[in-house]
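Enquirer: Sharing my_file16.cif (mmCIF, C-alpha atoms) below.
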```cif
data_input
#
loop_
_atom_site.group_PDB
_atom_site.id
_atom_site.type_symbol
_atom_site.label_atom_id
_atom_site.label_comp_id
_atom_site.auth_asym_id
_atom_site.auth_seq_id
_atom_site.Cartn_x
_atom_site.Cartn_y
_atom_site.Cartn_z
ATOM 1 C CA MET A 1332 6.606 -0.518 -11.942
ATOM 2 C CA ASP A 1333 3.836 -2.674 -13.371
ATOM 3 C CA GLN A 1334 0.747 -0.437 -13.317
ATOM 4 C CA ALA A 1335 -1.617 -3.413 -13.628
ATOM 5 C CA ALA A 1336 -0.066 -5.078 -10.568
ATOM 6 C CA ALA A 1337 -0.313 -1.835 -8.594
ATOM 7 C CA LEU A 1338 -3.952 -1.302 -9.529
ATOM 8 C CA LYS A 1339 -4.782 -4.939 -8.804
ATOM 9 C CA ALA A 1340 -3.129 -4.661 -5.382
ATOM 10 C CA LEU A 1341 -5.163 -1.530 -4.630
ATOM 11 C CA ALA A 1342 -8.426 -3.138 -5.780
ATOM 12 C CA ASP A 1343 -8.861 -5.030 -2.504
ATOM 13 C CA PRO A 1344 -10.715 -3.306 0.387
ATOM 14 C CA VAL A 1345 -8.381 -4.780 3.028
ATOM 15 C CA ARG A 1346 -5.301 -3.561 1.171
ATOM 16 C CA LEU A 1347 -6.855 -0.106 0.809
ATOM 17 C CA GLN A 1348 -7.366 -0.080 4.572
ATOM 18 C CA ILE A 1349 -3.715 -1.068 5.030
ATOM 19 C CA VAL A 1350 -2.538 1.703 2.690
ATOM 20 C CA ALA A 1351 -4.647 4.264 4.572
ATOM 21 C CA PHE A 1352 -3.151 3.135 7.890
ATOM 22 C CA LEU A 1353 0.399 3.199 6.494
ATOM 23 C CA HIS A 1354 -0.232 6.746 5.268
ATOM 24 C CA SER A 1355 -1.517 7.994 8.631
ATOM 25 C CA PRO A 1356 -0.585 5.500 11.346
ATOM 26 C CA LYS A 1357 -2.182 5.967 14.728
ATOM 27 C CA ALA A 1358 -0.053 5.247 17.772
ATOM 28 C CA ARG A 1359 0.247 1.515 18.321
ATOM 29 C CA ARG A 1360 2.615 -0.817 20.180
ATOM 30 C CA CYS A 1361 5.453 -0.978 17.673
ATOM 31 C CA THR A 1362 4.541 1.647 15.071
ATOM 32 C CA PHE A 1363 6.705 4.683 14.408
ATOM 33 C CA ALA A 1364 5.900 7.839 12.436
ATOM 34 C CA ASP A 1365 7.766 6.577 9.365
ATOM 35 C CA ARG A 1366 6.946 2.838 9.467
ATOM 36 C CA VAL A 1367 4.344 0.406 10.771
ATOM 37 C CA CYS A 1368 4.968 -2.918 12.470
ATOM 38 C CA ALA A 1369 3.169 -5.956 11.065
ATOM 39 C CA CYS A 1370 1.934 -6.830 14.551
ATOM 40 C CA ASP A 1371 -0.040 -3.572 14.658
ATOM 41 C CA LEU A 1372 -1.673 -4.383 11.325
ATOM 42 C CA GLU A 1373 -2.941 -7.678 12.712
ATOM 43 C CA GLY A 1374 -4.756 -5.897 15.547
ATOM 44 C CA LEU A 1375 -6.078 -3.128 13.318
ATOM 45 C CA LEU A 1376 -7.463 -5.469 10.681
ATOM 46 C CA GLY A 1377 -8.509 -8.314 12.963
ATOM 47 C CA LEU A 1378 -6.692 -10.736 10.653
ATOM 48 C CA SER A 1379 -4.271 -13.543 11.366
ATOM 49 C CA GLN A 1380 -0.547 -13.083 10.817
ATOM 50 C CA PRO A 1381 -0.580 -15.251 7.650
ATOM 51 C CA ALA A 1382 -3.434 -13.172 6.176
ATOM 52 C CA VAL A 1383 -1.626 -9.894 6.913
ATOM 53 C CA SER A 1384 1.571 -11.331 5.414
ATOM 54 C CA HIS A 1385 -0.318 -12.299 2.257
ATOM 55 C CA HIS A 1386 -1.717 -8.788 1.777
ATOM 56 C CA MET A 1387 1.619 -7.154 2.540
ATOM 57 C CA ARG A 1388 3.466 -9.471 0.159
ATOM 58 C CA LEU A 1389 1.154 -8.341 -2.674
ATOM 59 C CA LEU A 1390 1.605 -4.642 -1.832
ATOM 60 C CA VAL A 1391 5.391 -5.057 -1.686
ATOM 61 C CA ALA A 1392 5.471 -7.064 -4.941
ATOM 62 C CA ALA A 1393 3.450 -4.322 -6.640
ATOM 63 C CA GLY A 1394 6.094 -1.802 -5.530
ATOM 64 C CA LEU A 1395 3.692 0.257 -3.436
ATOM 65 C CA VAL A 1396 5.152 -0.601 -0.028
ATOM 66 C CA HIS A 1397 8.677 -1.017 1.336
ATOM 67 C CA ALA A 1398 9.372 -3.855 3.778
ATOM 68 C CA GLU A 1399 12.182 -3.831 6.331
ATOM 69 C CA LYS A 1400 13.028 -6.614 8.760
ATOM 70 C CA ASN A 1401 14.432 -5.475 12.092
ATOM 71 C CA GLY A 1402 15.246 -8.432 14.328
ATOM 72 C CA ARG A 1403 12.095 -10.509 14.523
ATOM 73 C CA TRP A 1404 9.823 -7.625 13.537
ATOM 74 C CA MET A 1405 8.718 -6.619 10.050
ATOM 75 C CA TYR A 1406 8.114 -2.945 9.337
ATOM 76 C CA TYR A 1407 6.298 -1.445 6.356
ATOM 77 C CA SER A 1408 6.129 2.001 4.793
ATOM 78 C CA LEU A 1409 4.560 3.474 1.671
ATOM 79 C CA ASP A 1410 6.609 4.278 -1.403
ATOM 80 C CA PRO A 1411 5.347 7.761 -2.345
ATOM 81 C CA VAL A 1412 7.060 7.642 -5.751
ATOM 82 C CA ALA A 1413 5.113 4.501 -6.641
ATOM 83 C CA PHE A 1414 1.840 6.262 -5.816
ATOM 84 C CA ASP A 1415 2.927 9.271 -7.881
ATOM 85 C CA ASN A 1416 3.514 6.882 -10.794
ATOM 86 C CA VAL A 1417 0.035 5.379 -10.433
ATOM 87 C CA ILE A 1418 -1.501 8.866 -10.343
ATOM 88 C CA ALA A 1419 0.489 9.926 -13.411
ATOM 89 C CA PHE A 1420 -0.656 6.791 -15.228
ATOM 90 C CA LEU A 1421 -4.331 7.452 -14.405
ATOM 91 C CA ARG A 1422 -4.320 11.246 -14.881
ATOM 92 C CA PRO A 1423 -4.816 11.183 -18.687
ATOM 93 C CA PHE A 1424 -8.036 9.203 -18.220
ATOM 94 C CA SER A 1425 -9.549 12.132 -16.353
ATOM 95 C CA LEU A 1426 -9.163 14.364 -19.414
ATOM 96 C CA PRO A 1427 -11.333 14.332 -22.529
ATOM 97 C CA SER A 1428 -9.925 12.085 -25.211
ATOM 98 C CA ARG A 1429 -8.503 13.685 -28.339
ATOM 99 C CA LYS A 1430 -11.136 11.945 -30.443
ATOM 100 C CA ALA A 1431 -13.922 13.479 -28.375
ATOM 101 C CA ALA A 1432 -12.389 16.938 -28.765
ATOM 102 C CA ALA A 1433 -12.099 16.641 -32.550
#
```
Transcribe the structure of this file into structure tokens.

Expert:
Amino acid sequence: MDQAAALKALADPVRLQIVAFLHSPKARRCTFADRVCACDLEGLLGLSQPAVSHHMRLLVAAGLVHAEKNGRWMYYSLDPVAFDNVIAFLRPFSLPSRKAAA
């Protein structure tokens, strides 16, 4: 996974809101416990379908979200391994550098 693409995808407030909703979806029309329907994201965000598709395309391309088409509906879910990878990448920056310790 490209860490820069993942961090860039997460740097947008709308996409952070989407990630939060995918993590803990509230009951909506077409949303299930393990995946969220794109139509529910439109209502939540107050964005048009093309705008939601744009944001979701970036999250999927960054490897943070899985997309699954079921009939005419598109469902999304988080990829927990991808988020673990981002955390592992960032974790060393929370520690003192070796130069500072020397």

Enquirer: Which is closer to Leu1341 (chain A) than all the others in A:Arg1429, A:His1386, A:Lys1357, A:Arg1366, using all atoms listed in the file?

Expert: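 Of the candidates, the smallest distance to Leu1341 (chain A) is held by A:His1386.
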
Enquirer: When distances are computed from only C-alpha atoms, which of A:Val1350, A:Val1367, A:Leu1390, A:Leu1376 shows the smallest separation from Ala1336 (chain A)?

Expert: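 Looking at the shortest contact to Ala1336 (chain A), the residue is A:Leu1390.
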
Enquirer: Find the residue from A:His1397, A:Tyr1407, A:Asp1333, A:Ala1413 that sits nearest to Asp1371 (chain A); use all atoms listed in the file when measuring.

Expert: A:Tyr1407

Enquirer: Between CA of Ser1408 (chain A) and CA of Met1332 (chain A), what is the distance, to one decimal in Å?

Expert: 16.9 Å

Enquirer: Pull out every residue that the PyMOL selection byres ((chain A and resi 1346) around 10) matches in the shown coordinates and put them as a list in words.

Expert: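 In the shown coordinates, the PyMOL selection byres ((chain A and resi 1346) around 10) covers Ala1340, Leu1341, Ala1342, Asp1343, Pro1344, Val1345, Leu1347, Gln1348, Ile1349, Val1350, Ala1351, Phe1352, Leu1376, Val1383, His1386, Met1387, Leu1389 and Leu1390 of chain A.
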
Enquirer: For the structure shown, which residues end up in the PyMOL selection byres ((chain A and resi 1401) around 12)? Put them as a list of chain:residue names, please?

Expert: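 Evaluating the PyMOL selection byres ((chain A and resi 1401) around 12) on this file yields A:Cys1361, A:Arg1366, A:Val1367, A:Cys1368, A:Ala1369, A:Ala1398, A:Glu1399, A:Lys1400, A:Gly1402, A:Arg1403, A:Trp1404, A:Met1405, A:Tyr1406, A:Tyr1407.
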
Enquirer: Expressed in Å to a single decimal, how great is the separation between CA of Ala1393 (chain A) and CA of Ala1337 (chain A)?

Expert: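 These atoms are spaced 4.9 Å apart.
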
Enquirer: One decimal, in Å: what's the spacing between CA of Thr1362 (chain A) and CA of Asp1415 (chain A)?

Expert: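 Interatomic distance, CA of Thr1362 (chain A) to CA of Asp1415 (chain A): 24.2 Å.
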
Enquirer: Point out the residue among A:Pro1356, A:Asn1416, A:Cys1370, A:Pro1423 with the least atom-to-atom distance to Gln1334 (chain A), counting only C-alpha atoms.

Expert: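 Of the candidates, the smallest distance to Gln1334 (chain A) is held by A:Asn1416.
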